[in-house]
Amino acid sequence: MKEGLKAGLSFEQTITVAPEEGITYLGPEYPSVFSTPSMIRLMEDTSRKLLEPYLDQGESSVGTAVNIRHLRPTPIGMKVTAKSRLIEIRDRRCMFEVEAYNEREKIGEGFHERAIIDKKRFAAKVKPESAEILSGKSYRMKGAEAVIRTLKAKGVEVIFGIPGVHALPLYDVLVDYPEIRHIQTMHEQGAGFMADAYARVTGKPGVCLITPGPGGGNVITPAMEAYASSSPVLILMAQIHSKLVDSGKGGVHEIKDHYNLFKSVTRWNHRVQNLEEIPSVIQEAFKKLKTQRPGPVQIEIPTDILSSEGQVTIPEKVPWMRRSGDPQKIKEVIAILQQVRNPLILAGGGTIRSGAEVEIRELAERLSAPVITTFQGKGILPEDHPLALGCINGLLIYRGNPAKSPFVQKFLSKVDCLIIIGTKLGEATTDNWRLPLPACRIQIDLDEKEIGKNYPVEVGIVGDAKQVLAEILKELKEKNLSRVSEFEEVQNKVAELKKEIEGLLKSGRREKELQIVWDLQEILEPNAIVANDMTIMTYWTGRYFKVRRPRTFLYPYGSTTLGFGLPAAIGAKVAYPDRQVIALCGDGGFMFTCQELATAVKYRLNIPILIFNDRSYGVLKGFQEIRYGRSFEVDLYTPDFMKFAEAFGARGIRLKDPSELKSALKEALYSNFTTIIEIPGTFQVPWLSLE
């Protein structure tokens with residue numbers, strides 16, 4: 001890298017929008033526009049060109065992170081100017097502030113990061129992967145390099161973590177792999193939640209890198225949530241020296257039986273015994289993440305093995321197949337569906353994880369069957385679809401007495417077959433298993449242990465939701481079984497029920513809370529990602545926010561842990577920097593992981609963080625007052641969140657009234673800053689009774 005490269009340098013270039021860069025635009029203002037991908041490429045190109053004069057021979061730059069928003073359309077023939085300004089250089093990584101203007105207004109803004117690499121050094125350390133990965137040839141390398149190269153071969157693009165003394169061999173290799181982005185977090189708990197959220201929104205395994213002892217202990221809570229919510233997370237732990245593991249000699253970060261500490265919160269875990277097995281162990285971890293019920297898996301590798309050198313074989317890529325259903329069981333399901341008249345579909349998180357949105361919609365429309373979901377299944381069918389009843393928790397508005405709800409009295413009581421897909425029918429979904437379900441139940445789940453666990457079923461099929469539904473649909477088509485003629489009648493019943501529940505909530509003086517949900521609905525784009533913590537207002541969003549795309553609604557309902565919201569939003573924004581991402585937190589839950597505000601600011605993630613501040617653990621306070629007539633140790637002493645935001649380099653907006661939320665959220669979404677929006681006040685729970 002030549003002298004003279006410093007913060008403050010800028011570069012700009014101008015082009016004329018050509019037809020090949022345009023896309024059809026149906027709005028009245030422009031017949032065609034400069035496409036988002038073309039604009040982002042132009043803005044990235046200005047950063048690349050700014051760097052070129054300062055690179056030594058043999059150096060090049062690689063884009064490693066993009067966080068750019070396309071703000072306005074631009075017609076064919078208009079000039080567009082892109083500007084790039086270097087604002088920071090850190091470890092040969094250059095951060096640029098980029099903007100784009102047409103002849104009238106700003107049309108794009110954001111940040112772009114490029115890494116400067118030495119091509120000769122890079123080529124020496126990173127051998128061409130195509131032949132060796134496909135052929136399974138053996139190469140000599142260190143254990144840390146075997147880890148990173150295998151992760152790269154598996155398509156890993158992001159790792160969340162914190163450097164620790166035992167993990168330093170891995171970090172030394174990561175420097176030479178700019179195509180794998182490392183997100184440095186403030187706490188291992190944050191790294192675990194971010195990896196979990198990354199997995200939920202992308203469908204690809206999220207990876208976090210930790211050290212043993214306190215690092216391992218700190219990631220237990222996120223591992224527990226990933227386990228309970230069946231989220232595919234790979235936890236890589238650099239263990240202490242193999243001679244000291246479980247020795248009791250007092251090695252740095254040594255704790256008793258670290259391996260079994262993780263056993264209870266993972267689907268599978270393994271301790272590497274020698275360098276040669278590293279690639280095959282990682283391959284086995286990915287196989288389990290893709291072919292079995294998802295959940296966290298953990299691999300621990302002693303630091304001496306990471307530093308040792310030997311012959312390593314990168315395994316061949318192995319295709320994986322979705323698990324099909326038992327053909328006989330599928331025939332039994334078809335026989336039932338030929339007889340029933342009022343089927344209902346209950347979709348859980350397993351449908352989201354399998355990517356079964358097309359199949360769920362086709363089945364619902366073919367059978368004219370309404371769809372209800374769990375919190376984790378929201379969005380599998382767009383919740384503005386005529387057959388979407390929404391989240392089942394939002395239908396059971398009398399907590400502790402589900403039979404009193406109109407959904408049970410007027411709707412569920414007439415259902416003659418419930419099709420349960422990808423959910424265990426847990427306590428929260430069924431109001432402590434008091435929900436009266438129809439006698440005829442069909443259950444589809446990838447985990448055979450869940451079939452009939454909480455409610456007996458007439459037919460249980462073990463298999464991948466998408467695959468099994470495709471097989472059922474094939475049989476239905478062959479038998480020409482369809483109830484499309486009843487679609488209009490069913491959708492009218494769905495609309496009537498939803499309207500009745502809304503009326504009951506309004507009569508119960510829940511207008512303020514409903515309005516907040518509707519305001520969020522109005523402002524956010526259909527593919528916006530909402531990361532929920534556990535707080536009263538997220539009980540509302542879980543029940544009544546209409547999710548229109550799968551993998552856009554993150555909720556820690558598996559373990560109902562606090563502290564999920566902010567780091568989950570960061571993980572989602574890292575995965576999709578060009579999409580709207582917001583965090584919904586209570587004042588108490590935010591304080592669990594508030595230090596990750598530094599992570600959001602550091603990586604310049606424009607995430608609005610909504611803090612609903614009632615200065616208490618509001619749900620618990622309500623429970624205490626109802627059950628015992630008083631409350632104790634649930635009121636909180638929290639900081640001035642505006643000063644807190646300022647101290648971290650974020651923006652802060654405190655609302656005087658919830659009616660100001662729409663304008664504040666718009667401002668935050670279209671800024672280049674992480675923003676805390678504080679909404680003070682008390683909020684009521686979304687049910688009308690308790691036990």
# chains A, B, ... in the order shown; residues from 1 in each chain; ligands from 1
call {"tool": "residues_around", "arguments": {"residues": "stretch 209-219 of chain A", "least_positions_apart": "6", "cutoff": "8 Å", "atoms": "only C-alpha atoms", "output": "list in words"}}
result
Ile159, Phe160, Gly161, Ile162, Pro163, Gly164, Val165, His166, Ala167, His187, Glu188, Gln189, Ala191, Gly192, Ile235, Leu236, Met237, Ala238, Gln239, Ile240, His253, Glu254, Ile255 and His258 of chain A
call {"tool": "closest_atom_pairs", "arguments": {"of": "stretch 598-637 of chain A", "to": "stretch 664-671 of chain A", "cutoff": "10 Å", "atoms": "only C-alpha atoms", "output": "JSON lines"}}
result
{"residue": "A:Leu605", "atom": "CA", "partner": "A:Ser671", "partner_atom": "CA", "distance": 9.9}
{"residue": "A:Asn606", "atom": "CA", "partner": "A:Ser671", "partner_atom": "CA", "distance": 6.7}
{"residue": "A:Ile607", "atom": "CA", "partner": "A:Leu669", "partner_atom": "CA", "distance": 7.1}
{"residue": "A:Pro608", "atom": "CA", "partner": "A:Ala668", "partner_atom": "CA", "distance": 5.8}
{"residue": "A:Ile609", "atom": "CA", "partner": "A:Ala668", "partner_atom": "CA", "distance": 9.1}
{"residue": "A:Leu610", "atom": "CA", "partner": "A:Leu665", "partner_atom": "CA", "distance": 8.8}
call {"tool": "closest_residue", "arguments": {"among": "A:Arg434, A:Arg579, A:Arg615, A:Lys656", "to": "A:Met591", "atoms": "only C-alpha atoms"}}
result
A:Arg615
call {"tool": "select_by_dssp", "arguments": {"residues": "stretch 150-364 of chain A", "states": "alpha helix (DSSP H)", "output": "ChimeraX atom specification"}}
result
/A:150-153,168-174,188-202,214-218,220-228,258-263,278-291,303-307,327-339,349-354,357-364
call {"tool": "residues_around", "arguments": {"residues": "stretch 241-250 of chain A", "least_positions_apart": "2", "cutoff": "7 Å", "atoms": "only C-alpha atoms", "output": "ChimeraX atom specification"}}
result
/A:239,252,254,256-257,302-304
call {"tool": "residues_around", "arguments": {"residues": "A:Val408", "least_positions_apart": "2", "cutoff": "12 Å", "atoms": "only C-alpha atoms", "output": "ChimeraX atom specification"}}
result
/A:392-393,395-398,401-406,410-415,430,434-438,497,501
call {"tool": "select_by_dssp", "arguments": {"residues": "stretch 418-594 of chain A", "states": "strand (DSSP E or B)", "output": "PyMOL selection string"}}
result
chain A and resi 418-421+441-445+459-462+529-532+553-554+581-586
call {"tool": "residues_around", "arguments": {"residues": "A:Arg510", "least_positions_apart": "2", "cutoff": "9 Å", "atoms": "only C-alpha atoms", "output": "list in words"}}
result
Leu505, Lys506, Ser507, Gly508, Lys512, Glu513, Leu514, Gln515, Phe683, Gln684, Val685 and Pro686 of chain A
call {"tool": "write_last_selection", "arguments": {"atoms": "N, CA and C atoms", "output": "PDB file, in the first residue's frame"}}
result
ATOM      1  N   LEU A 505     -60.835  -6.432  21.214  1.00  0.00           N
ATOM      2  CA  LEU A 505     -59.637  -5.769  21.728  1.00  0.00           C
ATOM      3  C   LEU A 505     -59.878  -4.270  21.909  1.00  0.00           C
ATOM      4  N   LYS A 506     -60.559  -3.671  20.958  1.00  0.00           N
ATOM      5  CA  LYS A 506     -60.857  -2.242  21.078  1.00  0.00           C
ATOM      6  C   LYS A 506     -61.788  -1.978  22.255  1.00  0.00           C
ATOM      7  N   SER A 507     -62.759  -2.847  22.446  1.00  0.00           N
ATOM      8  CA  SER A 507     -63.675  -2.657  23.576  1.00  0.00           C
ATOM      9  C   SER A 507     -62.951  -2.867  24.902  1.00  0.00           C
ATOM     10  N   GLY A 508     -61.844  -3.600  24.866  1.00  0.00           N
ATOM     11  CA  GLY A 508     -61.021  -3.799  26.061  1.00  0.00           C
ATOM     12  C   GLY A 508     -59.974  -2.720  26.247  1.00  0.00           C
ATOM     13  N   LYS A 512     -54.431   1.930  21.797  1.00  0.00           N
ATOM     14  CA  LYS A 512     -53.068   2.471  21.672  1.00  0.00           C
ATOM     15  C   LYS A 512     -52.111   1.408  21.158  1.00  0.00           C
ATOM     16  N   GLU A 513     -52.192   0.234  21.742  1.00  0.00           N
ATOM     17  CA  GLU A 513     -51.278  -0.834  21.354  1.00  0.00           C
ATOM     18  C   GLU A 513     -51.542  -1.302  19.923  1.00  0.00           C
ATOM     19  N   LEU A 514     -52.834  -1.407  19.559  1.00  0.00           N
ATOM     20  CA  LEU A 514     -53.171  -1.785  18.187  1.00  0.00           C
ATOM     21  C   LEU A 514     -52.656  -0.749  17.196  1.00  0.00           C
ATOM     22  N   GLN A 515     -52.762   0.530  17.553  1.00  0.00           N
ATOM     23  CA  GLN A 515     -52.317   1.588  16.651  1.00  0.00           C
ATOM     24  C   GLN A 515     -50.813   1.519  16.423  1.00  0.00           C
ATOM     25  N   PHE A 683     -48.023  -0.042  28.819  1.00  0.00           N
ATOM     26  CA  PHE A 683     -48.671  -0.766  27.730  1.00  0.00           C
ATOM     27  C   PHE A 683     -49.394  -1.974  28.303  1.00  0.00           C
ATOM     28  N   GLN A 684     -50.575  -2.222  27.763  1.00  0.00           N
ATOM     29  CA  GLN A 684     -51.378  -3.341  28.239  1.00  0.00           C
ATOM     30  C   GLN A 684     -51.096  -4.598  27.425  1.00  0.00           C
ATOM     31  N   VAL A 685     -51.247  -5.734  28.072  1.00  0.00           N
ATOM     32  CA  VAL A 685     -51.042  -7.010  27.398  1.00  0.00           C
ATOM     33  C   VAL A 685     -52.173  -7.268  26.412  1.00  0.00           C
ATOM     34  N   PRO A 686     -51.936  -8.098  25.375  1.00  0.00           N
ATOM     35  CA  PRO A 686     -52.943  -8.286  24.326  1.00  0.00           C
ATOM     36  C   PRO A 686     -53.957  -9.382  24.610  1.00  0.00           C
TER      37      PRO A 686
END
call {"tool": "residues_around", "arguments": {"residues": "stretch 278-295 of chain A", "least_positions_apart": "2", "cutoff": "8 Å", "atoms": "only C-alpha atoms", "output": "count of residues only"}}
result
37
call {"tool": "residues_around", "arguments": {"residues": "A:Leu389", "least_positions_apart": "3", "cutoff": "7 Å", "atoms": "only C-alpha atoms", "output": "PyMOL selection string"}}
result
chain A and resi 370-372+494
call {"tool": "closest_residue", "arguments": {"among": "A:Pro169, A:Ala388, A:Ser689, A:Cys417", "to": "A:Ile336", "atoms": "only C-alpha atoms"}}
result
A:Cys417
call {"tool": "closest_residue", "arguments": {"among": "A:Arg92, A:Gln580, A:Thr599, A:Lys378", "to": "A:Leu346", "atoms": "only C-alpha atoms"}}
result
A:Lys378
call {"tool": "closest_residue", "arguments": {"among": "A:Lys152, A:Ser559, A:Tyr628, A:Glu357", "to": "A:Val265", "atoms": "only C-alpha atoms"}}
result
A:Ser559
call {"tool": "atom_distance", "arguments": {"atom1": "atom CA of A:Glu486", "atom2": "atom CA of A:Asp416"}}
result
15.4 Å
call {"tool": "atom_distance", "arguments": {"atom1": "atom CA of A:Ala528", "atom2": "atom CA of A:Pro577"}}
result
10.9 Å
call {"tool": "atom_distance", "arguments": {"atom1": "atom CA of A:Ile15", "atom2": "atom CA of A:Leu71"}}
result
17.8 Å
call {"tool": "closest_residue", "arguments": {"among": "A:Phe612, A:Phe193, A:Tyr455, A:Trp433", "to": "A:Leu655", "atoms": "only C-alpha atoms"}}
result
A:Phe612
